[in-house]
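Coordinates from query.cif are shown below (mmCIF, C-alpha atoms).
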data_upload
#
loop_
_atom_site.label_atom_id
_atom_site.label_comp_id
_atom_site.auth_asym_id
_atom_site.auth_seq_id
_atom_site.Cartn_x
_atom_site.Cartn_y
_atom_site.Cartn_z
CA MET K 51 -0.91 -47.83 -3.89
CA THR K 52 -1.78 -45.29 -1.17
CA TYR K 53 1.38 -43.73 0.22
CA GLU K 54 -0.18 -41.31 2.69
CA ASN K 55 -0.16 -43.83 5.55
CA LEU K 56 3.48 -44.71 4.95
CA TRP K 57 5.10 -41.35 5.65
CA ALA K 58 7.06 -40.94 8.87
CA LYS K 59 5.66 -38.30 11.22
CA ARG K 60 8.71 -36.10 10.66
CA THR K 61 7.79 -35.64 7.00
CA LYS K 62 5.05 -33.20 8.00
CA TYR K 63 7.87 -30.80 8.92
CA MET K 64 9.47 -31.12 5.49
CA LYS K 65 8.71 -28.15 3.29
CA ALA K 66 9.74 -27.48 -0.28
CA SER K 67 12.32 -24.71 -0.39
CA GLU K 68 10.81 -21.61 -1.96
CA ILE K 69 14.21 -20.92 -3.46
CA ARG K 70 14.52 -24.36 -5.07
CA GLU K 71 10.98 -24.12 -6.40
CA LEU K 72 11.82 -20.82 -8.07
CA LEU K 73 14.60 -22.47 -10.03
CA ARG K 74 11.99 -24.32 -12.09
CA TRP K 75 10.77 -21.00 -13.44
CA VAL K 76 14.28 -19.69 -14.00
CA ALA K 77 15.07 -22.79 -16.05
CA LYS K 78 12.50 -21.68 -18.62
CA GLY K 79 14.93 -18.94 -19.60
CA ASP K 80 12.63 -15.94 -19.92
CA VAL K 81 12.40 -15.02 -16.24
CA ILE K 82 14.89 -12.61 -14.68
CA SER K 83 15.89 -14.26 -11.42
CA PHE K 84 16.71 -12.46 -8.20
CA GLY K 85 15.80 -15.69 -6.41
CA GLY K 86 18.50 -18.25 -5.59
CA GLY K 87 21.85 -17.24 -4.15
CA MET K 88 23.64 -18.42 -7.26
CA PRO K 89 27.09 -17.24 -8.34
CA ASP K 90 27.53 -15.70 -11.76
CA PRO K 91 28.28 -18.74 -13.98
CA LYS K 92 30.27 -16.58 -16.39
CA LEU K 93 32.88 -16.15 -13.66
CA PHE K 94 33.55 -19.83 -13.03
CA PRO K 95 37.27 -20.59 -13.70
CA LYS K 96 36.34 -23.28 -16.23
CA GLU K 97 39.67 -23.65 -18.00
CA GLU K 98 41.65 -23.97 -14.79
CA MET K 99 39.07 -26.38 -13.35
CA ALA K 100 39.17 -28.52 -16.50
CA GLU K 101 42.95 -28.70 -16.30
CA ILE K 102 42.80 -29.63 -12.62
CA ALA K 103 40.10 -32.27 -13.15
CA LYS K 104 42.17 -33.94 -15.90
CA TYR K 105 45.29 -33.86 -13.72
CA VAL K 106 43.46 -35.32 -10.70
CA ILE K 107 41.91 -38.18 -12.67
CA ILE K 108 45.13 -39.13 -14.46
CA GLU K 109 47.63 -38.57 -11.65
CA LYS K 110 45.51 -39.35 -8.58
CA GLY K 111 42.71 -41.42 -10.07
CA GLU K 112 43.37 -44.49 -7.94
CA LYS K 113 42.47 -42.45 -4.86
CA ALA K 114 40.20 -39.79 -6.36
CA LEU K 115 37.86 -42.34 -7.96
CA GLN K 116 37.73 -44.56 -4.86
CA TYR K 117 35.84 -44.31 -1.57
CA GLY K 118 37.48 -41.92 0.86
CA PRO K 119 37.57 -41.27 4.61
CA THR K 120 34.30 -40.01 6.05
CA GLN K 121 36.03 -37.03 7.63
CA GLY K 122 37.60 -35.97 4.34
CA VAL K 123 40.63 -36.71 2.18
CA PRO K 124 43.84 -35.58 3.93
CA ASP K 125 44.97 -33.44 0.97
CA LEU K 126 41.90 -31.21 1.21
CA VAL K 127 41.82 -31.10 5.01
CA ASP K 128 45.47 -29.97 5.07
CA GLU K 129 44.86 -27.28 2.44
CA LEU K 130 41.78 -26.03 4.29
CA ILE K 131 43.74 -25.71 7.54
CA LYS K 132 46.21 -23.47 5.68
CA PHE K 133 43.34 -21.55 4.04
CA MET K 134 41.61 -20.94 7.38
CA LYS K 135 44.88 -19.91 9.01
CA LYS K 136 45.04 -16.97 6.59
CA GLU K 137 41.68 -15.88 8.04
CA SER K 138 43.05 -16.22 11.61
CA LEU K 139 41.02 -19.41 12.03
CA ARG K 140 43.32 -21.78 13.83
CA VAL K 141 42.27 -25.36 14.48
CA GLU K 142 43.96 -28.03 16.57
CA GLY K 143 44.67 -30.30 13.61
CA ALA K 144 43.09 -32.54 11.01
CA GLU K 145 40.81 -34.12 13.62
CA SER K 146 39.14 -30.71 14.07
CA VAL K 147 37.91 -30.48 10.45
CA ILE K 148 35.34 -32.46 8.47
CA ILE K 149 34.37 -32.16 4.80
CA THR K 150 30.63 -32.21 4.08
CA SER K 151 28.54 -32.61 0.94
CA GLY K 152 27.85 -28.90 0.81
CA SER K 153 27.28 -26.87 3.95
CA GLN K 154 23.63 -27.91 3.74
CA GLN K 155 24.61 -31.41 4.85
CA GLY K 156 26.39 -29.86 7.81
CA LEU K 157 23.20 -28.14 8.90
CA ASP K 158 21.24 -31.37 8.62
CA ILE K 159 23.83 -33.24 10.67
CA LEU K 160 23.69 -30.57 13.38
CA GLY K 161 19.98 -31.20 13.70
CA ARG K 162 20.51 -34.94 13.73
CA ILE K 163 23.09 -34.98 16.53
CA LEU K 164 21.87 -32.08 18.68
CA ILE K 165 18.11 -31.55 18.50
CA ASP K 166 15.41 -33.46 20.33
CA PRO K 167 11.79 -32.37 19.77
CA GLY K 168 11.08 -29.22 21.74
CA ASP K 169 14.71 -28.13 22.14
CA VAL K 170 15.37 -24.45 21.52
CA VAL K 171 17.42 -23.22 18.58
CA ILE K 172 18.12 -19.49 18.58
CA VAL K 173 18.41 -17.82 15.16
CA GLU K 174 18.55 -14.36 13.68
CA LEU K 175 15.30 -12.77 12.55
CA PRO K 176 15.31 -13.11 9.57
CA THR K 177 17.68 -16.02 8.95
CA TYR K 178 18.82 -18.39 6.21
CA LEU K 179 15.78 -20.20 4.79
CA ALA K 180 17.57 -23.48 4.06
CA ALA K 181 18.83 -23.63 7.65
CA ILE K 182 15.25 -23.36 8.88
CA ASN K 183 14.17 -26.14 6.53
CA ALA K 184 17.10 -28.41 7.45
CA LEU K 185 16.56 -28.08 11.20
CA LYS K 186 12.76 -28.00 11.22
CA VAL K 187 12.56 -31.74 10.57
CA TYR K 188 14.01 -32.39 14.04
CA GLU K 189 11.16 -30.40 15.66
CA PRO K 190 12.99 -27.66 17.53
CA LYS K 191 11.41 -24.57 19.01
CA PHE K 192 12.87 -21.67 17.00
CA VAL K 193 13.45 -18.39 18.80
CA GLY K 194 14.24 -15.40 16.59
CA ILE K 195 16.42 -12.47 17.64
CA PRO K 196 15.94 -9.21 15.69
CA LEU K 197 18.67 -7.58 13.64
CA ASP K 198 19.63 -3.94 13.33
CA ASP K 199 22.46 -2.22 11.47
CA GLN K 200 24.97 -3.85 13.85
CA GLY K 201 23.66 -7.35 13.29
CA MET K 202 21.99 -9.56 15.87
CA ASN K 203 20.77 -7.49 18.81
CA THR K 204 22.68 -9.21 21.60
CA GLU K 205 20.94 -7.18 24.32
CA VAL K 206 17.66 -8.75 23.24
CA LEU K 207 19.45 -12.10 22.93
CA GLU K 208 20.66 -12.04 26.54
CA GLU K 209 17.21 -11.17 27.87
CA LYS K 210 15.69 -13.96 25.80
CA VAL K 211 18.31 -16.47 27.00
CA LYS K 212 17.65 -15.50 30.64
CA ASP K 213 13.93 -15.96 30.13
CA LEU K 214 14.34 -19.32 28.43
CA LYS K 215 16.69 -20.57 31.15
CA ASN K 216 14.29 -19.43 33.88
CA LYS K 217 11.51 -21.40 32.19
CA GLY K 218 13.69 -24.51 32.11
CA GLU K 219 13.96 -24.57 28.32
CA LYS K 220 16.87 -26.48 26.79
CA ILE K 221 18.83 -24.23 24.43
CA LYS K 222 20.89 -26.37 22.06
CA PHE K 223 22.70 -23.69 20.07
CA ILE K 224 22.71 -20.21 18.60
CA TYR K 225 22.85 -20.21 14.79
CA THR K 226 24.29 -17.06 13.25
CA ILE K 227 25.67 -15.74 9.97
CA PRO K 228 27.59 -12.85 11.53
CA THR K 229 29.33 -11.60 8.38
CA CYS K 230 27.32 -10.51 5.33
CA GLN K 231 24.22 -12.18 6.71
CA ASN K 232 21.75 -14.07 4.56
CA PRO K 233 19.18 -12.71 3.76
CA THR K 234 19.94 -9.14 4.87
CA GLY K 235 23.61 -8.55 3.98
CA LEU K 236 24.16 -7.04 7.44
CA SER K 237 27.28 -7.77 9.50
CA MET K 238 27.63 -8.02 13.26
CA SER K 239 29.76 -5.34 14.90
CA MET K 240 32.85 -6.32 16.88
CA GLU K 241 31.16 -5.19 20.10
CA ARG K 242 28.22 -7.48 19.39
CA ARG K 243 30.55 -10.37 18.54
CA LYS K 244 32.31 -9.98 21.87
CA HIS K 245 28.99 -9.76 23.69
CA LEU K 246 27.69 -12.86 21.91
CA LEU K 247 30.70 -14.86 23.06
CA GLU K 248 30.29 -13.50 26.60
CA ILE K 249 26.65 -14.62 26.61
CA ALA K 250 27.61 -18.07 25.35
CA SER K 251 30.21 -18.37 28.11
CA LYS K 252 27.94 -17.06 30.85
CA TYR K 253 25.04 -19.38 29.98
CA ASP K 254 27.10 -22.33 28.68
CA LEU K 255 25.87 -22.20 25.08
CA LEU K 256 27.11 -23.49 21.73
CA ILE K 257 27.42 -21.13 18.75
CA VAL K 258 27.22 -22.26 15.12
CA GLU K 259 28.95 -19.72 12.88
CA ASP K 260 27.90 -20.07 9.23
CA ASP K 261 30.33 -18.22 6.97
CA PRO K 262 29.63 -18.46 3.22
CA TYR K 263 29.85 -14.76 2.41
CA SER K 264 32.68 -13.08 4.34
CA TYR K 265 34.88 -13.37 1.24
CA PHE K 266 32.70 -10.72 -0.41
CA LEU K 267 33.06 -7.56 1.66
CA TYR K 268 32.58 -4.45 -0.46
CA GLU K 269 33.40 -1.92 2.25
CA PRO K 270 36.64 -1.64 4.29
CA VAL K 271 35.11 -3.15 7.42
CA LYS K 272 37.35 -4.77 10.02
CA PHE K 273 36.01 -7.91 11.62
CA LYS K 274 37.07 -11.16 13.21
CA HIS K 275 35.37 -14.49 12.81
CA LEU K 276 33.66 -15.68 15.98
CA LYS K 277 35.74 -18.84 15.73
CA ALA K 278 38.92 -16.71 15.71
CA MET K 279 37.75 -14.98 18.91
CA ASP K 280 36.64 -18.18 20.62
CA THR K 281 38.78 -19.12 23.63
CA GLU K 282 36.45 -21.75 25.11
CA ASP K 283 35.79 -24.06 22.14
CA ARG K 284 32.17 -22.90 21.97
CA VAL K 285 32.05 -22.10 18.26
CA VAL K 286 31.48 -24.58 15.45
CA TYR K 287 32.53 -22.96 12.17
CA MET K 288 30.96 -23.74 8.80
CA SER K 289 31.84 -22.63 5.29
CA THR K 290 31.55 -23.73 1.67
CA PHE K 291 33.22 -23.86 -1.73
CA SER K 292 29.89 -23.01 -3.40
CA LYS K 293 30.44 -19.25 -3.43
CA ILE K 294 34.22 -19.05 -3.82
CA LEU K 295 34.70 -21.75 -6.48
CA SER K 296 31.65 -23.69 -7.66
CA PRO K 297 28.38 -24.91 -6.13
CA GLY K 298 28.52 -27.88 -8.49
CA LEU K 299 31.36 -29.39 -6.46
CA ARG K 300 28.95 -29.77 -3.51
CA LEU K 301 31.67 -29.23 -0.94
CA GLY K 302 31.49 -27.62 2.47
CA TRP K 303 33.43 -27.97 5.67
CA MET K 304 33.09 -27.65 9.43
CA ALA K 305 35.72 -26.92 12.06
CA GLY K 306 35.43 -27.29 15.80
CA ASN K 307 36.22 -29.33 18.86
CA PRO K 308 37.62 -32.76 17.82
CA GLU K 309 35.04 -34.59 19.96
CA PHE K 310 32.24 -32.66 18.28
CA ILE K 311 33.68 -33.27 14.80
CA ARG K 312 33.97 -36.98 15.59
CA LYS K 313 30.25 -37.13 16.43
CA ILE K 314 29.48 -35.36 13.13
CA SER K 315 31.63 -37.92 11.31
CA ILE K 316 29.74 -40.83 12.87
CA ALA K 317 26.42 -39.30 11.82
CA LYS K 318 27.73 -38.69 8.30
CA GLN K 319 28.80 -42.33 7.90
CA SER K 320 25.16 -43.44 7.75
CA MET K 321 24.21 -40.64 5.35
CA ASP K 322 26.68 -40.89 2.47
CA LEU K 323 29.76 -42.78 3.75
CA CYS K 324 31.96 -39.97 2.47
CA THR K 325 31.83 -36.76 0.46
CA SER K 326 32.80 -37.15 -3.22
CA THR K 327 36.50 -37.93 -3.24
CA LEU K 328 36.85 -36.69 -6.81
CA THR K 329 35.57 -33.19 -6.05
CA GLN K 330 37.62 -33.11 -2.84
CA TYR K 331 40.84 -33.73 -4.75
CA ILE K 332 39.83 -31.10 -7.32
CA ALA K 333 39.19 -28.53 -4.57
CA ALA K 334 42.46 -29.42 -2.84
CA GLU K 335 44.38 -28.87 -6.06
CA ALA K 336 42.55 -25.57 -6.68
CA LEU K 337 43.71 -24.40 -3.25
CA LYS K 338 47.27 -25.63 -3.84
CA ARG K 339 47.54 -23.86 -7.18
CA GLY K 340 46.12 -20.61 -5.83
CA VAL K 341 43.06 -20.72 -8.10
CA ILE K 342 40.69 -19.73 -5.31
CA GLU K 343 42.99 -17.02 -3.99
CA ARG K 344 43.12 -15.45 -7.48
CA HIS K 345 39.43 -16.04 -8.15
CA ILE K 346 37.96 -14.31 -5.07
CA PRO K 347 39.13 -10.75 -5.94
CA LYS K 348 37.71 -11.12 -9.47
CA ILE K 349 34.25 -12.16 -8.35
CA LYS K 350 34.32 -9.62 -5.54
CA GLU K 351 34.94 -6.82 -8.05
CA ALA K 352 32.18 -8.06 -10.35
CA TYR K 353 29.67 -8.50 -7.54
CA LYS K 354 30.31 -5.03 -6.14
CA LYS K 355 29.36 -3.53 -9.51
CA LYS K 356 26.18 -5.58 -9.55
CA LYS K 357 25.35 -4.62 -5.97
CA ASP K 358 25.80 -0.95 -6.79
CA ALA K 359 23.65 -1.36 -9.91
CA MET K 360 20.82 -2.89 -7.89
CA LEU K 361 20.98 -0.20 -5.21
CA SER K 362 20.87 2.43 -7.96
CA ALA K 363 17.86 0.77 -9.62
CA LEU K 364 16.03 0.52 -6.30
CA GLU K 365 16.56 4.24 -5.71
CA LYS K 366 15.41 5.00 -9.24
CA TYR K 367 12.28 2.86 -9.51
CA MET K 368 10.90 1.81 -6.12
CA PRO K 369 7.79 3.70 -4.98
CA GLU K 370 7.44 5.60 -1.72
CA GLY K 371 7.05 3.33 1.29
CA CYS K 372 9.72 0.85 0.19
CA SER K 373 13.06 0.50 1.97
CA TRP K 374 16.08 -1.77 1.77
CA VAL K 375 19.35 -2.69 3.43
CA LYS K 376 22.53 -1.28 1.95
CA PRO K 377 24.70 -4.35 2.44
CA ILE K 378 28.43 -4.11 3.09
CA GLY K 379 28.94 -7.52 1.53
CA GLY K 380 27.40 -10.81 0.48
CA MET K 381 25.01 -11.57 -2.38
CA PHE K 382 21.65 -10.10 -1.39
CA ILE K 383 19.66 -6.94 -0.78
CA PHE K 384 16.72 -7.34 1.62
CA THR K 385 13.81 -5.11 0.74
CA TRP K 386 10.56 -4.04 2.42
CA THR K 387 7.41 -2.94 0.61
CA PRO K 388 4.51 -1.04 2.22
CA ASP K 389 2.87 -3.01 5.05
CA GLU K 390 -0.30 -3.82 3.11
CA ILE K 391 1.56 -5.81 0.43
CA ASP K 392 2.03 -9.57 0.71
CA THR K 393 5.09 -10.38 -1.40
CA LYS K 394 4.28 -14.09 -1.45
CA GLN K 395 0.91 -13.41 -3.04
CA MET K 396 2.53 -10.98 -5.47
CA LEU K 397 5.23 -13.43 -6.57
CA MET K 398 3.32 -15.46 -9.14
CA LYS K 399 2.08 -12.28 -10.80
CA CYS K 400 5.69 -11.10 -11.02
CA ILE K 401 6.81 -14.40 -12.52
CA LYS K 402 3.97 -14.90 -15.01
CA GLN K 403 3.16 -11.33 -15.99
CA TYR K 404 6.41 -9.45 -15.40
CA LYS K 405 8.87 -12.33 -15.91
CA VAL K 406 10.88 -11.56 -12.76
CA ALA K 407 11.43 -13.63 -9.61
CA TYR K 408 12.50 -12.97 -6.02
CA VAL K 409 12.18 -14.83 -2.72
CA PRO K 410 9.33 -13.68 -0.45
CA GLY K 411 10.79 -12.52 2.87
CA GLN K 412 8.33 -14.25 5.18
CA ALA K 413 10.08 -17.58 4.52
CA PHE K 414 13.17 -16.26 6.35
CA HIS K 415 11.25 -15.35 9.53
CA VAL K 416 10.72 -18.13 12.08
CA ASP K 417 7.96 -16.13 13.76
CA GLY K 418 5.87 -15.76 10.60
CA SER K 419 6.53 -12.04 10.20
CA GLY K 420 8.04 -10.32 7.18
CA LYS K 421 5.14 -10.80 4.76
CA ASN K 422 5.88 -7.43 3.12
CA SER K 423 9.56 -8.19 2.50
CA MET K 424 11.64 -9.87 -0.21
CA ARG K 425 15.20 -11.02 -0.78
CA LEU K 426 16.87 -9.91 -3.99
CA ASN K 427 20.00 -11.64 -5.29
CA PHE K 428 22.32 -9.48 -7.39
CA THR K 429 25.16 -11.90 -8.21
CA TYR K 430 23.41 -14.12 -10.77
CA PRO K 431 21.67 -11.67 -13.15
CA THR K 432 23.50 -9.33 -15.52
CA ILE K 433 23.63 -5.59 -14.81
CA GLU K 434 21.16 -5.06 -17.64
CA GLN K 435 18.78 -7.64 -16.15
CA ILE K 436 19.09 -5.98 -12.74
CA GLU K 437 17.92 -2.64 -14.18
CA VAL K 438 14.98 -4.20 -16.03
CA GLY K 439 14.03 -6.62 -13.25
CA ILE K 440 13.89 -4.00 -10.50
CA GLN K 441 11.80 -1.75 -12.75
CA ARG K 442 9.35 -4.64 -13.25
CA ILE K 443 9.10 -5.42 -9.53
CA ALA K 444 8.55 -1.73 -8.79
CA GLN K 445 5.72 -1.63 -11.32
CA ALA K 446 4.12 -4.70 -9.71
CA ILE K 447 4.33 -3.03 -6.29
CA ILE K 448 2.75 0.16 -7.64
CA GLU K 449 -0.15 -1.87 -9.02
CA GLU K 450 -0.59 -3.67 -5.69
CA ILE K 451 -0.67 -0.35 -3.83
CA LYS K 452 -3.44 0.90 -6.16
CA LYS K 453 -5.58 -2.12 -5.22
CA VAL K 454 -5.57 -1.26 -1.52
#

Mind turning the file's structure into structure tokens?
Amino acid sequence: MTYENLWAKRTKYMKASEIRELLRWVAKGDVISFGGGMPDPKLFPKEEMAEIAKYVIIEKGEKALQYGPTQGVPDLVDELIKFMKKESLRVEGAESVIITSGSQQGLDILGRILIDPGDVVIVELPTYLAAINALKVYEPKFVGIPLDDQGMNTEVLEEKVKDLKNKGEKIKFIYTIPTCQNPTGLSMSMERRKHLLEIASKYDLLIVEDDPYSYFLYEPVKFKHLKAMDTEDRVVYMSTFSKILSPGLRLGWMAGNPEFIRKISIAKQSMDLCTSTLTQYIAAEALKRGVIERHIPKIKEAYKKKKDAMLSALEKYMPEGCSWVKPIGGMFIFTWTPDEIDTKQMLMKCIKQYKVAYVPGQAFHVDGSGKNSMRLNFTYPTIEQIEVGIQRIAQAIIEEIKKV
């Protein structure tokens, strides 16, 4: 049968994630991976999770093994409200929170309920690759705003918003990872956060705050979540259990205006009816027992050592003409090679010849720039692998420079 004529038009905007594709090579076992943003599996609290899973199935199995409410099981929603309160994130009540099947589902739902073809979505430049892929299917016009050491340049943002408004463009939302940004590790300054909220108020805009990494700050930086600073209900907040507990649970959550959350819930009904009730009860119990609260400092300490090891290796091995961000938090170090190098073209050589993988940086740029950049994850590999892997990438870069 010929399938080509069956595909919906939107499928032409579907693109395989470069990160997910890399995992196939990592699975072979002999490739050092700086690719996916994966937690260190050795740090998973397996014994505590096993105990919790057994307890949930035996004591709460009648509910945990059954269908659940689309918006989320009350036990987990209540625990998340308490959890967010500790981060100064106050919500109106249970109707302001929804549990998603990973934060990736939340991004897809945002596209589904907000974007018509041609609508403008403003993002950071570079921004989270999987957000680009999730939203691209709905045919938006992406507008990228450059970053500097204070995060998104809000002066450039305001000029761009003015220009778009003057042209009659419909801006649907601003997507930002303001704290420990992916892929750069940069964080937005408090002045920029205030300015961003002022811009949103002035031009009547919605902000989507994606927050997977703020739990991993390695420097004593003071910040407030945009949602905590929001006085006009303009911020939709997103986070996930993937980094602070386990990505295998496939649990994320969103918090915002109850009307907005209700629309998300309606969209979710037709996607999966409800997020796994079993993993929701497990996560709720992990919060109740303080597992996550105890776990975060441990992984934060381990990741800081790995981050420092990667920065040290970059300084030691990278040739002249390379540069990189010194992140204050998160899971990644964004790196630039000399202009003449195309890191996407160099990748397969690195994988096959040098047995090391990274994510080419161009994939994170909605304007097609960044071909000489790469994102390096330091949380998954061991410290020994970090040393060896960076040395291998540096050698590959040196060879590429010699070709020019």

Quick one: contact table of stretch 343-367 of chain K to stretch 286-298 of chain K, 12 Å max, nearest atom pair and distance in Å to one decimal per residue, counting only C-alpha atoms, chain and number order, as JSON lines?
{"residue": "K:Glu343", "atom": "CA", "partner": "K:Ile294", "partner_atom": "CA", "distance": 9.0}
{"residue": "K:Arg344", "atom": "CA", "partner": "K:Ile294", "partner_atom": "CA", "distance": 10.3}
{"residue": "K:His345", "atom": "CA", "partner": "K:Ile294", "partner_atom": "CA", "distance": 7.4}
{"residue": "K:Ile346", "atom": "CA", "partner": "K:Ile294", "partner_atom": "CA", "distance": 6.2}
{"residue": "K:Pro347", "atom": "CA", "partner": "K:Ile294", "partner_atom": "CA", "distance": 9.9}
{"residue": "K:Lys348", "atom": "CA", "partner": "K:Ile294", "partner_atom": "CA", "distance": 10.3}
{"residue": "K:Ile349", "atom": "CA", "partner": "K:Ile294", "partner_atom": "CA", "distance": 8.2}
{"residue": "K:Lys350", "atom": "CA", "partner": "K:Ile294", "partner_atom": "CA", "distance": 9.6}
{"residue": "K:Tyr353", "atom": "CA", "partner": "K:Lys293", "partner_atom": "CA", "distance": 11.5}

**Message:** To test your reading of the syntax: which residues would the PyMOL selection byres ((chain K and resi 236-241) around 12) return for the file shown? Reply as a VMD selection string.
**Reply:** chain K and resid 174 to 177 196 to 205 226 to 235 242 to 248 259 261 263 to 264 266 to 269 271 to 276 279 374 to 384

**Message:** Nearest residue to K:Thr329 out of K:Ala352, K:Arg300, K:Ile108, K:Lys366, using only C-alpha atoms?
**Reply:**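 Using only C-alpha atoms, the shortest distance to K:Thr329 belongs to K:Arg300.
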
**Request:** Any chance you could resolve the PyMOL selection byres ((chain K and resi 145) around 9) against this file and give the residues as a list in words?
**Result:** Gln121, Val141, Glu142, Gly143, Ala144, Ser146, Val147, Ile148, Ala305, Gly306, Asn307, Pro308, Glu309, Ile311 and Arg312 of chain K

**Message:** Distance cut-off 12 Å, centre (23.6, -40.3, 6.5) in file coordinates, counting only C-alpha atoms: which residues qualify? Return them as a PyMOL selection string.
**Reply:** chain K and resi 120+150-151+155-156+158-160+162-163+314-325

**Request:** Fewer than 3 positions away in the same chain doesn't count, so skip those; otherwise give me all residues within 10 Å of K:Glu450, counting all atoms listed in the file, as an MDAnalysis selection string.
**Result:** chainID K and resid 388 390:393 396 444:447 453:454

**Prompt:** Which distance in Å separates atom CA of K:Val127 and atom CA of K:Ala333, to one decimal?
**Reply:** 10.3 Å

**Request:** I would like the residues chosen by the PyMOL selection byres ((chain K and resi 170) around 8) on the shown file; could you give them as JSON, numbers by chain?
**Result:** {"K": [168, 169, 171, 172, 190, 191, 192, 193, 219, 220, 221, 222, 223]}

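Closest approach to K:Asp260 among K:Ile102, K:Val173, K:Ile433, K:Ala334 is made by K:Val173 (distances from all atoms listed in the file).
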
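Of the residues listed (K:Phe94, K:Trp303, K:Phe414, K:Phe428), K:Phe414 shows the shortest atom-to-atom separation from K:Asn183; distances use all atoms listed in the file.
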
Calculate, to one decimal in Å, the centre and edge lengths of the box along x, y and z of the file that holds all listed atoms of stretch 185-196 of chain K with 3 Å of margin on each side, and present them as JSON.
{"center_x": 13.9, "center_y": -20.8, "center_z": 14.8, "size_x": 11.4, "size_y": 29.2, "size_z": 14.4}

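For the pair atom CA of K:Glu129 and atom CA of K:Tyr225, the interatomic distance is 26.2 Å.
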
**Fill in**
Across K:Asp254, K:Glu98, K:Asp213, K:Glu189, the smallest distance to K:Arg339, with only C-alpha atoms counted, is shown by K:Glu98

**Message:** Give me the residues near K:Ile401 as a count of residues only, where near means some atom within 9 Å (using only C-alpha atoms) and where sequence neighbours in that chain fewer than 6 positions away do not count.
**Reply:** 5

Generate N, CA and C atoms for stretch 128-143 of chain K and emit them as a short mmCIF file (atom, residue, chain, number, x, y, z; two decimals), in the coordinates of the input.
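And here is the file that came out, part08.cif:
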data_model
loop_
_atom_site.label_atom_id
_atom_site.label_comp_id
_atom_site.auth_asym_id
_atom_site.auth_seq_id
_atom_site.Cartn_x
_atom_site.Cartn_y
_atom_site.Cartn_z
N ASP K 128 44.22 -30.71 4.84
CA ASP K 128 45.47 -29.97 5.07
C ASP K 128 45.43 -28.60 4.40
N GLU K 129 44.93 -28.56 3.16
CA GLU K 129 44.86 -27.28 2.44
C GLU K 129 43.86 -26.33 3.11
N LEU K 130 42.77 -26.88 3.63
CA LEU K 130 41.78 -26.03 4.29
C LEU K 130 42.33 -25.44 5.60
N ILE K 131 43.13 -26.21 6.31
CA ILE K 131 43.74 -25.71 7.54
C ILE K 131 44.62 -24.51 7.21
N LYS K 132 45.38 -24.60 6.11
CA LYS K 132 46.21 -23.47 5.68
C LYS K 132 45.33 -22.29 5.26
N PHE K 133 44.26 -22.58 4.53
CA PHE K 133 43.34 -21.55 4.04
C PHE K 133 42.70 -20.81 5.21
N MET K 134 42.25 -21.57 6.22
CA MET K 134 41.61 -20.94 7.38
C MET K 134 42.61 -20.14 8.21
N LYS K 135 43.84 -20.61 8.25
CA LYS K 135 44.88 -19.91 9.01
C LYS K 135 45.06 -18.49 8.50
N LYS K 136 44.92 -18.31 7.17
CA LYS K 136 45.04 -16.97 6.59
C LYS K 136 43.93 -16.04 7.07
N GLU K 137 42.81 -16.65 7.51
CA GLU K 137 41.68 -15.88 8.04
C GLU K 137 41.71 -15.85 9.57
N SER K 138 42.87 -16.18 10.15
CA SER K 138 43.05 -16.22 11.61
C SER K 138 42.19 -17.29 12.27
N LEU K 139 41.80 -18.29 11.50
CA LEU K 139 41.02 -19.41 12.03
C LEU K 139 41.97 -20.58 12.26
N ARG K 140 42.39 -20.72 13.48
CA ARG K 140 43.32 -21.78 13.83
C ARG K 140 42.57 -22.96 14.43
N VAL K 141 42.88 -24.15 13.93
CA VAL K 141 42.27 -25.36 14.48
C VAL K 141 43.37 -26.27 15.02
N GLU K 142 42.98 -27.19 15.87
CA GLU K 142 43.96 -28.03 16.57
C GLU K 142 44.69 -28.99 15.63
N GLY K 143 44.05 -29.35 14.54
CA GLY K 143 44.67 -30.30 13.61
C GLY K 143 43.60 -30.92 12.74
#
